[in-house]
Amino acid sequence: MTPERFAPGEVSTDNLEIEGVFTPEMNEFYFVRQVLGVEPRIYRYRLEDNVWLEEEFSERIGELFISVDGQSMFLGNQYRERTDSGWSEPQSLGPLFEGYPIMRLTASANETYVFDEREEYGILRYSQRIDGVHQAPEPFGPEINSGRLTAHPFIAPDESYLIWDSERDGGYGESDLYISFRKSDGFWGPAINMGPEVNTEGDDTYGTITPDGKYFFFQRIDLDVPEANIFWMDAQFIEDLRTSQ
């Protein structure tokens, strides 16, 4: 129930590591590593014969997210498709999304897209998929879009909650992680700070729930040091937050 660095000495090292995500089968783990003085790269761990093997995957283009069905890797305004030989080359999300400077885009099981924008105040938007077609993106309400640096959303597979980070009055430090639960009438509830176990005086961002629903992953960044690592903890505290409303 207390956050710990994920895989210290392997994933979490003295370099900068962020944006950790698993595939649905939990047999591949992707993350971004930056060695000081070198452009950041995407790395991958693959489980083969009960052994995790690390390899460099690609250059970093956009922020990582793997779709619920595991067939798409979203990378900001681009995506890759799973193929028989691995992953396709990056493709555009299309003209509907080209006008937005997307950092992180996540998707629910119903393929509702939720994404942010690379700007000081930040706006989270969603695009529903209706009859196989994504609709024009719309902004969330003030429950979500308040404060500064509102970014890095994670939409639950069943769309029952939304996690993001932002700088808000009453927070614990710089960017804190927040959650909002969808109410029975379809509207979103108030933003709930995820608490002092998660949030620190620094930047706590990029919250993600693993595909099996068991663990909460996020990252802590302090570029003054510089230091950035991926953390994980039991996801049960999210249900505790839900019932405390």
# chains A, B, ... in the order shown; residues from 1 in each chain; ligands from 1
call {"tool": "select_by_dssp", "arguments": {"residues": "stretch 4-243 of chain A", "states": "strand (DSSP E or B)", "output": "PyMOL selection string"}}
result
chain A and resi 4-5+8+12+16-22+28-34+41-48+51-59+64-66+72-75+78-83+86-87+91-92+105-107+113-115+125-127+129-130+133-134+138-139+148-155+161-167+176-182+188+192-193+203-209+215-222+227-234
call {"tool": "residues_around", "arguments": {"residues": "stretch 70-86 of chain A", "least_positions_apart": "3", "cutoff": "9 Å", "atoms": "only C-alpha atoms", "output": "ChimeraX atom specification"}}
result
/A:23-25,60-67,89-94,97-98,100-107,115
call {"tool": "write_last_selection", "arguments": {"atoms": "N, CA, C and O atoms", "output": "CSV table (one decimal), in the first residue's frame"}}
result
chain,number,residue,atom,x,y,z
A,23,THR,N,1.3,-4.7,-21.6
A,23,THR,CA,0.3,-5.2,-22.6
A,23,THR,C,-0.7,-6.0,-21.8
A,23,THR,O,-0.5,-6.4,-20.6
A,24,PRO,N,-1.9,-6.3,-22.4
A,24,PRO,CA,-3.0,-7.0,-21.6
A,24,PRO,C,-2.6,-8.3,-21.1
A,24,PRO,O,-3.0,-8.7,-20.0
A,25,GLU,N,-1.7,-9.0,-21.8
A,25,GLU,CA,-1.3,-10.3,-21.3
A,25,GLU,C,-0.2,-10.3,-20.2
A,25,GLU,O,0.1,-11.3,-19.6
A,60,ARG,N,11.6,7.7,-29.2
A,60,ARG,CA,10.4,8.1,-28.5
A,60,ARG,C,9.6,9.1,-29.3
A,60,ARG,O,10.1,10.1,-29.7
A,61,ILE,N,8.4,8.8,-29.6
A,61,ILE,CA,7.5,9.7,-30.4
A,61,ILE,C,6.1,9.7,-29.6
A,61,ILE,O,5.4,8.7,-29.7
A,62,GLY,N,5.8,10.7,-28.9
A,62,GLY,CA,4.6,10.7,-28.1
A,62,GLY,C,4.7,9.9,-26.9
A,62,GLY,O,5.7,9.2,-26.7
A,63,GLU,N,3.7,9.9,-26.0
A,63,GLU,CA,3.7,9.2,-24.8
A,63,GLU,C,3.0,7.9,-24.9
A,63,GLU,O,1.9,7.8,-25.5
A,64,LEU,N,3.5,6.9,-24.3
A,64,LEU,CA,3.0,5.5,-24.5
A,64,LEU,C,1.7,5.2,-23.8
A,64,LEU,O,1.4,5.6,-22.7
A,65,PHE,N,0.9,4.4,-24.6
A,65,PHE,CA,-0.3,3.7,-24.0
A,65,PHE,C,-0.6,2.6,-24.9
A,65,PHE,O,-0.6,2.7,-26.1
A,66,ILE,N,-0.9,1.4,-24.3
A,66,ILE,CA,-1.4,0.2,-25.0
A,66,ILE,C,-2.9,0.1,-24.9
A,66,ILE,O,-3.4,0.1,-23.8
A,67,SER,N,-3.6,-0.2,-26.0
A,67,SER,CA,-5.0,-0.3,-25.9
A,67,SER,C,-5.5,-1.5,-25.1
A,67,SER,O,-4.7,-2.4,-24.9
A,89,GLU,N,4.8,0.5,-38.5
A,89,GLU,CA,5.4,1.8,-38.4
A,89,GLU,C,4.3,2.8,-37.9
A,89,GLU,O,3.1,2.6,-38.0
A,90,PRO,N,4.7,3.9,-37.2
A,90,PRO,CA,3.8,4.8,-36.7
A,90,PRO,C,2.9,5.4,-37.8
A,90,PRO,O,3.3,5.7,-38.9
A,91,GLN,N,1.6,5.6,-37.5
A,91,GLN,CA,0.6,6.2,-38.4
A,91,GLN,C,-0.1,7.3,-37.7
A,91,GLN,O,-0.2,7.3,-36.4
A,92,SER,N,-0.6,8.2,-38.5
A,92,SER,CA,-1.4,9.4,-37.9
A,92,SER,C,-2.7,8.9,-37.4
A,92,SER,O,-3.4,8.0,-38.0
A,93,LEU,N,-3.2,9.5,-36.3
A,93,LEU,CA,-4.6,9.3,-35.8
A,93,LEU,C,-5.6,9.8,-36.7
A,93,LEU,O,-6.8,9.5,-36.6
A,94,GLY,N,-5.2,10.7,-37.7
A,94,GLY,CA,-6.1,11.2,-38.6
A,94,GLY,C,-6.4,12.7,-38.4
A,94,GLY,O,-6.1,13.3,-37.4
A,97,PHE,N,-7.6,14.7,-35.1
A,97,PHE,CA,-6.8,14.9,-34.0
A,97,PHE,C,-5.5,15.6,-34.3
A,97,PHE,O,-4.7,15.9,-33.4
A,98,GLU,N,-5.3,15.9,-35.6
A,98,GLU,CA,-4.0,16.5,-36.0
A,98,GLU,C,-3.8,17.9,-35.4
A,98,GLU,O,-2.7,18.4,-35.2
A,100,TYR,N,-4.4,19.0,-32.5
A,100,TYR,CA,-4.1,19.0,-31.0
A,100,TYR,C,-2.7,18.6,-30.7
A,100,TYR,O,-2.3,17.5,-31.2
A,101,PRO,N,-2.0,19.3,-29.9
A,101,PRO,CA,-0.6,18.9,-29.5
A,101,PRO,C,-0.7,17.9,-28.4
A,101,PRO,O,-0.4,18.1,-27.3
A,102,ILE,N,-1.0,16.6,-28.8
A,102,ILE,CA,-1.3,15.6,-27.8
A,102,ILE,C,0.0,15.1,-27.2
A,102,ILE,O,1.0,14.8,-27.9
A,103,MET,N,0.0,15.0,-25.9
A,103,MET,CA,1.1,14.3,-25.2
A,103,MET,C,0.7,12.8,-25.0
A,103,MET,O,1.3,11.9,-25.5
A,104,ARG,N,-0.3,12.6,-24.2
A,104,ARG,CA,-0.8,11.3,-23.8
A,104,ARG,C,-2.2,11.1,-24.3
A,104,ARG,O,-3.1,11.9,-23.9
A,105,LEU,N,-2.5,10.0,-25.0
A,105,LEU,CA,-3.9,9.6,-25.3
A,105,LEU,C,-4.1,8.2,-24.8
A,105,LEU,O,-3.3,7.3,-25.0
A,106,THR,N,-5.2,8.0,-24.1
A,106,THR,CA,-5.6,6.6,-23.6
A,106,THR,C,-6.9,6.3,-24.1
A,106,THR,O,-7.7,7.2,-24.6
A,107,ALA,N,-7.3,5.1,-24.1
A,107,ALA,CA,-8.6,4.6,-24.7
A,107,ALA,C,-9.3,3.6,-23.8
A,107,ALA,O,-8.6,2.7,-23.2
A,115,PHE,N,-7.5,12.5,-24.1
A,115,PHE,CA,-6.2,13.0,-24.3
A,115,PHE,C,-6.0,14.4,-23.8
A,115,PHE,O,-6.9,15.1,-23.4
call {"tool": "closest_residue", "arguments": {"among": "A:Ala191, A:Val114, A:Leu47, A:Val21", "to": "A:Pro153", "atoms": "only C-alpha atoms"}}
result
A:Val114
call {"tool": "residues_around", "arguments": {"residues": "A:Glu55", "least_positions_apart": "4", "cutoff": "10 Å", "atoms": "only C-alpha atoms", "output": "NGL selection string"}}
result
:A and (30 or 42-46)
call {"tool": "write_last_selection", "arguments": {"atoms": "N, CA and C atoms", "output": "tab-separated table (two decimals), in the first residue's frame"}}
result
chain	number	residue	atom	x	y	z
A	30	TYR	N	6.60	-1.81	-21.47
A	30	TYR	CA	7.24	-0.74	-22.23
A	30	TYR	C	7.45	0.47	-21.33
A	42	ILE	N	12.39	4.41	-26.24
A	42	ILE	CA	11.45	3.45	-25.69
A	42	ILE	C	12.17	2.11	-25.54
A	43	TYR	N	12.01	1.50	-24.36
A	43	TYR	CA	12.57	0.18	-24.08
A	43	TYR	C	11.43	-0.80	-23.82
A	44	ARG	N	11.76	-2.07	-23.95
A	44	ARG	CA	10.75	-3.11	-23.75
A	44	ARG	C	11.37	-4.27	-22.96
A	45	TYR	N	10.59	-4.79	-22.01
A	45	TYR	CA	10.89	-6.07	-21.39
A	45	TYR	C	9.89	-7.09	-21.92
A	46	ARG	N	10.37	-8.24	-22.37
A	46	ARG	CA	9.51	-9.33	-22.84
A	46	ARG	C	9.75	-10.56	-21.98
call {"tool": "closest_residue", "arguments": {"among": "A:Asn110, A:Asn229, A:Ser184, A:Gln236", "to": "A:Phe216", "atoms": "only C-alpha atoms"}}
result
A:Gln236
call {"tool": "residues_around", "arguments": {"residues": "A:Asp185", "least_positions_apart": "4", "cutoff": "12 Å", "atoms": "only C-alpha atoms", "output": "PDB file with N, CA and C atoms, in the first residue's frame"}}
result
ATOM      1  N   SER A 160     -15.357   4.089 -15.788  1.00  0.00           N
ATOM      2  CA  SER A 160     -15.957   4.404 -14.490  1.00  0.00           C
ATOM      3  C   SER A 160     -15.150   5.436 -13.710  1.00  0.00           C
ATOM      4  N   PHE A 181     -14.612   9.919 -10.231  1.00  0.00           N
ATOM      5  CA  PHE A 181     -15.447   8.761 -10.509  1.00  0.00           C
ATOM      6  C   PHE A 181     -16.710   9.197 -11.238  1.00  0.00           C
ATOM      7  N   GLY A 189     -17.766  13.083 -11.081  1.00  0.00           N
ATOM      8  CA  GLY A 189     -17.715  13.603  -9.728  1.00  0.00           C
ATOM      9  C   GLY A 189     -16.549  14.548  -9.539  1.00  0.00           C
TER      10      GLY A 189
END
call {"tool": "residues_around", "arguments": {"residues": "A:Glu4", "least_positions_apart": "3", "cutoff": "8 Å", "atoms": "only C-alpha atoms", "output": "ChimeraX atom specification"}}
result
/A:231-233
call {"tool": "write_last_selection", "arguments": {"atoms": "N, CA, C and O atoms", "output": "JSON list (two decimals), in the first residue's frame"}}
result
[["chain", "number", "residue", "atom", "x", "y", "z"],
["A", 231, "PHE", "N", 7.05, 4.22, -10.26],
["A", 231, "PHE", "CA", 6.65, 3.64, -8.97],
["A", 231, "PHE", "C", 5.39, 2.79, -9.16],
["A", 231, "PHE", "O", 4.62, 2.99, -10.11],
["A", 232, "TRP", "N", 5.18, 1.87, -8.22],
["A", 232, "TRP", "CA", 3.96, 1.05, -8.26],
["A", 232, "TRP", "C", 3.49, 0.78, -6.84],
["A", 232, "TRP", "O", 4.25, 0.87, -5.87],
["A", 233, "MET", "N", 2.19, 0.45, -6.73],
["A", 233, "MET", "CA", 1.59, 0.12, -5.44],
["A", 233, "MET", "C", 0.28, -0.64, -5.71],
["A", 233, "MET", "O", -0.21, -0.71, -6.84]]
call {"tool": "closest_residue", "arguments": {"among": "A:Gln128, A:Ser108, A:Ser175, A:Ser12", "to": "A:Pro157", "atoms": "only C-alpha atoms"}}
result
A:Ser108
call {"tool": "residues_around", "arguments": {"residues": "A:Arg33", "least_positions_apart": "5", "cutoff": "7 Å", "atoms": "only C-alpha atoms", "output": "count of residues only"}}
result
8
call {"tool": "residues_around", "arguments": {"residues": "A:Asp176", "least_positions_apart": "6", "cutoff": "12 Å", "atoms": "only C-alpha atoms", "output": "CSV table (one decimal) with N, CA, C and O atoms, in the first residue's frame"}}
result
chain,number,residue,atom,x,y,z
A,147,GLY,N,-7.1,24.2,-12.6
A,147,GLY,CA,-5.7,24.2,-12.2
A,147,GLY,C,-4.7,24.4,-13.4
A,147,GLY,O,-5.2,24.8,-14.5
A,148,ARG,N,-3.5,24.2,-13.2
A,148,ARG,CA,-2.4,24.3,-14.3
A,148,ARG,C,-1.9,23.0,-14.6
A,148,ARG,O,-1.9,22.0,-13.8
A,149,LEU,N,-1.3,22.9,-15.8
A,149,LEU,CA,-0.6,21.7,-16.3
A,149,LEU,C,-1.4,20.4,-16.1
A,149,LEU,O,-1.0,19.4,-15.7
A,150,THR,N,-2.7,20.6,-16.5
A,150,THR,CA,-3.6,19.4,-16.4
A,150,THR,C,-3.3,18.5,-17.6
A,150,THR,O,-3.4,18.9,-18.8
A,151,ALA,N,-2.9,17.2,-17.3
A,151,ALA,CA,-2.3,16.4,-18.3
A,151,ALA,C,-2.3,14.9,-17.9
A,151,ALA,O,-2.7,14.5,-16.9
A,152,HIS,N,-1.9,14.1,-18.9
A,152,HIS,CA,-1.6,12.7,-18.7
A,152,HIS,C,-2.8,11.9,-18.2
A,152,HIS,O,-2.7,11.2,-17.2
A,163,ILE,N,-8.2,9.2,-14.2
A,163,ILE,CA,-7.0,9.7,-13.4
A,163,ILE,C,-6.2,10.6,-14.3
A,163,ILE,O,-6.0,10.4,-15.5
A,164,TRP,N,-5.7,11.7,-13.7
A,164,TRP,CA,-4.8,12.6,-14.4
A,164,TRP,C,-4.0,13.4,-13.4
A,164,TRP,O,-4.1,13.1,-12.1
A,165,ASP,N,-3.1,14.3,-13.8
A,165,ASP,CA,-2.3,15.1,-12.9
A,165,ASP,C,-2.4,16.5,-13.2
A,165,ASP,O,-2.7,16.9,-14.4
A,166,SER,N,-2.3,17.3,-12.2
A,166,SER,CA,-2.5,18.8,-12.3
A,166,SER,C,-1.9,19.5,-11.1
A,166,SER,O,-1.6,18.9,-10.1
A,167,GLU,N,-1.6,20.8,-11.3
A,167,GLU,CA,-1.2,21.7,-10.2
A,167,GLU,C,-2.5,22.4,-9.8
A,167,GLU,O,-3.0,23.2,-10.5
A,168,ARG,N,-2.9,22.1,-8.5
A,168,ARG,CA,-4.1,22.7,-8.0
A,168,ARG,C,-3.9,23.3,-6.6
A,168,ARG,O,-3.0,22.8,-5.9
A,169,ASP,N,-4.7,24.2,-6.2
A,169,ASP,CA,-4.7,24.8,-4.9
A,169,ASP,C,-5.0,23.6,-3.9
A,169,ASP,O,-5.8,22.8,-4.2
A,170,GLY,N,-4.2,23.6,-2.8
A,170,GLY,CA,-4.5,22.5,-1.8
A,170,GLY,C,-3.7,21.2,-2.1
A,170,GLY,O,-3.9,20.3,-1.3
A,191,ALA,N,-13.0,16.2,-8.4
A,191,ALA,CA,-11.6,15.8,-8.5
A,191,ALA,C,-11.2,15.4,-7.0
A,191,ALA,O,-11.3,16.2,-6.1
A,192,ILE,N,-10.6,14.2,-6.8
A,192,ILE,CA,-10.1,13.8,-5.5
A,192,ILE,C,-8.6,13.6,-5.6
A,192,ILE,O,-8.1,12.9,-6.4
A,193,ASN,N,-7.9,14.3,-4.7
A,193,ASN,CA,-6.5,14.2,-4.7
A,193,ASN,C,-6.2,12.8,-4.2
A,193,ASN,O,-6.8,12.3,-3.2
A,194,MET,N,-5.2,12.1,-4.8
A,194,MET,CA,-5.0,10.7,-4.5
A,194,MET,C,-4.2,10.5,-3.2
A,194,MET,O,-3.9,9.3,-2.9
A,195,GLY,N,-3.9,11.6,-2.5
A,195,GLY,CA,-3.4,11.5,-1.2
A,195,GLY,C,-1.9,11.5,-1.0
A,195,GLY,O,-1.1,11.4,-2.0
A,196,PRO,N,-1.4,11.6,0.3
A,196,PRO,CA,0.0,11.8,0.6
A,196,PRO,C,0.9,10.6,0.4
A,196,PRO,O,2.1,10.7,0.3
A,197,GLU,N,0.3,9.4,0.3
A,197,GLU,CA,1.1,8.2,0.0
A,197,GLU,C,1.6,8.3,-1.5
A,197,GLU,O,2.6,7.8,-1.8
A,198,VAL,N,0.7,8.9,-2.4
A,198,VAL,CA,1.1,9.0,-3.8
A,198,VAL,C,1.8,10.3,-4.1
A,198,VAL,O,2.8,10.3,-4.8
A,199,ASN,N,1.2,11.4,-3.6
A,199,ASN,CA,1.7,12.7,-4.0
A,199,ASN,C,2.7,13.2,-3.0
A,199,ASN,O,2.6,13.1,-1.8
A,200,THR,N,3.7,13.9,-3.6
A,200,THR,CA,4.8,14.4,-2.8
A,200,THR,C,5.0,15.9,-3.1
A,200,THR,O,4.2,16.5,-3.8
A,201,GLU,N,6.1,16.5,-2.6
A,201,GLU,CA,6.4,17.9,-3.0
A,201,GLU,C,6.8,18.1,-4.4
A,201,GLU,O,6.7,19.2,-4.9
A,202,GLY,N,7.2,17.1,-5.1
A,202,GLY,CA,7.6,17.2,-6.5
A,202,GLY,C,6.5,16.9,-7.5
A,202,GLY,O,5.3,17.1,-7.2
A,203,ASP,N,6.9,16.4,-8.7
A,203,ASP,CA,6.0,16.1,-9.7
A,203,ASP,C,5.6,14.6,-9.7
A,203,ASP,O,6.5,13.8,-9.9
A,204,ASP,N,4.3,14.3,-9.4
A,204,ASP,CA,3.8,13.0,-9.4
A,204,ASP,C,2.8,12.9,-10.5
A,204,ASP,O,1.8,13.6,-10.5
A,205,THR,N,3.1,12.1,-11.5
A,205,THR,CA,2.3,12.2,-12.8
A,205,THR,C,2.1,10.8,-13.4
A,205,THR,O,2.7,9.8,-13.0
A,206,TYR,N,1.3,10.8,-14.5
A,206,TYR,CA,1.2,9.6,-15.4
A,206,TYR,C,0.7,8.4,-14.7
A,206,TYR,O,1.3,7.3,-14.8
A,207,GLY,N,-0.4,8.6,-14.0
A,207,GLY,CA,-1.1,7.4,-13.4
A,207,GLY,C,-1.7,6.4,-14.3
A,207,GLY,O,-2.3,6.8,-15.3
A,218,PHE,N,2.8,4.9,-11.6
A,218,PHE,CA,2.9,6.4,-11.8
A,218,PHE,C,4.4,6.7,-11.8
A,218,PHE,O,5.3,5.8,-11.6
A,219,GLN,N,4.7,8.0,-12.0
A,219,GLN,CA,6.1,8.4,-12.1
A,219,GLN,C,6.4,9.6,-11.2
A,219,GLN,O,5.5,10.4,-11.0
A,220,ARG,N,7.6,9.7,-10.6
A,220,ARG,CA,8.0,10.8,-9.9
A,220,ARG,C,9.2,11.4,-10.6
A,220,ARG,O,10.1,10.7,-10.9
A,221,ILE,N,9.1,12.7,-10.8
A,221,ILE,CA,10.2,13.4,-11.5
A,221,ILE,C,10.7,14.6,-10.8
A,221,ILE,O,9.9,15.4,-10.2
call {"tool": "closest_residue", "arguments": {"among": "A:Val51, A:Ile179, A:Val11, A:Val133", "to": "A:Val32", "atoms": "only C-alpha atoms"}}
result
A:Val11
call {"tool": "select_by_dssp", "arguments": {"residues": "stretch 93-199 of chain A", "states": "helix (DSSP H, G or I)", "output": "VMD selection string"}}
result
chain A and resid 95 to 98
call {"tool": "write_last_selection", "arguments": {"atoms": "N, CA and C atoms", "output": "PDB file, in the first residue's frame"}}
result
ATOM      1  N   PRO A  95      -7.090  13.346 -39.364  1.00  0.00           N
ATOM      2  CA  PRO A  95      -7.288  14.800 -39.318  1.00  0.00           C
ATOM      3  C   PRO A  95      -8.090  15.288 -38.121  1.00  0.00           C
ATOM      4  N   LEU A  96      -8.932  14.427 -37.539  1.00  0.00           N
ATOM      5  CA  LEU A  96      -9.735  14.835 -36.393  1.00  0.00           C
ATOM      6  C   LEU A  96      -8.862  15.221 -35.196  1.00  0.00           C
ATOM      7  N   PHE A  97      -7.645  14.666 -35.132  1.00  0.00           N
ATOM      8  CA  PHE A  97      -6.782  14.873 -33.973  1.00  0.00           C
ATOM      9  C   PHE A  97      -5.496  15.620 -34.301  1.00  0.00           C
ATOM     10  N   GLU A  98      -5.276  15.926 -35.563  1.00  0.00           N
ATOM     11  CA  GLU A  98      -4.007  16.534 -35.964  1.00  0.00           C
ATOM     12  C   GLU A  98      -3.821  17.937 -35.419  1.00  0.00           C
TER      13      GLU A  98
END
call {"tool": "closest_residue", "arguments": {"among": "A:Phe29, A:Phe237, A:Trp52, A:Phe140", "to": "A:Lys214", "atoms": "only C-alpha atoms"}}
result
A:Phe237
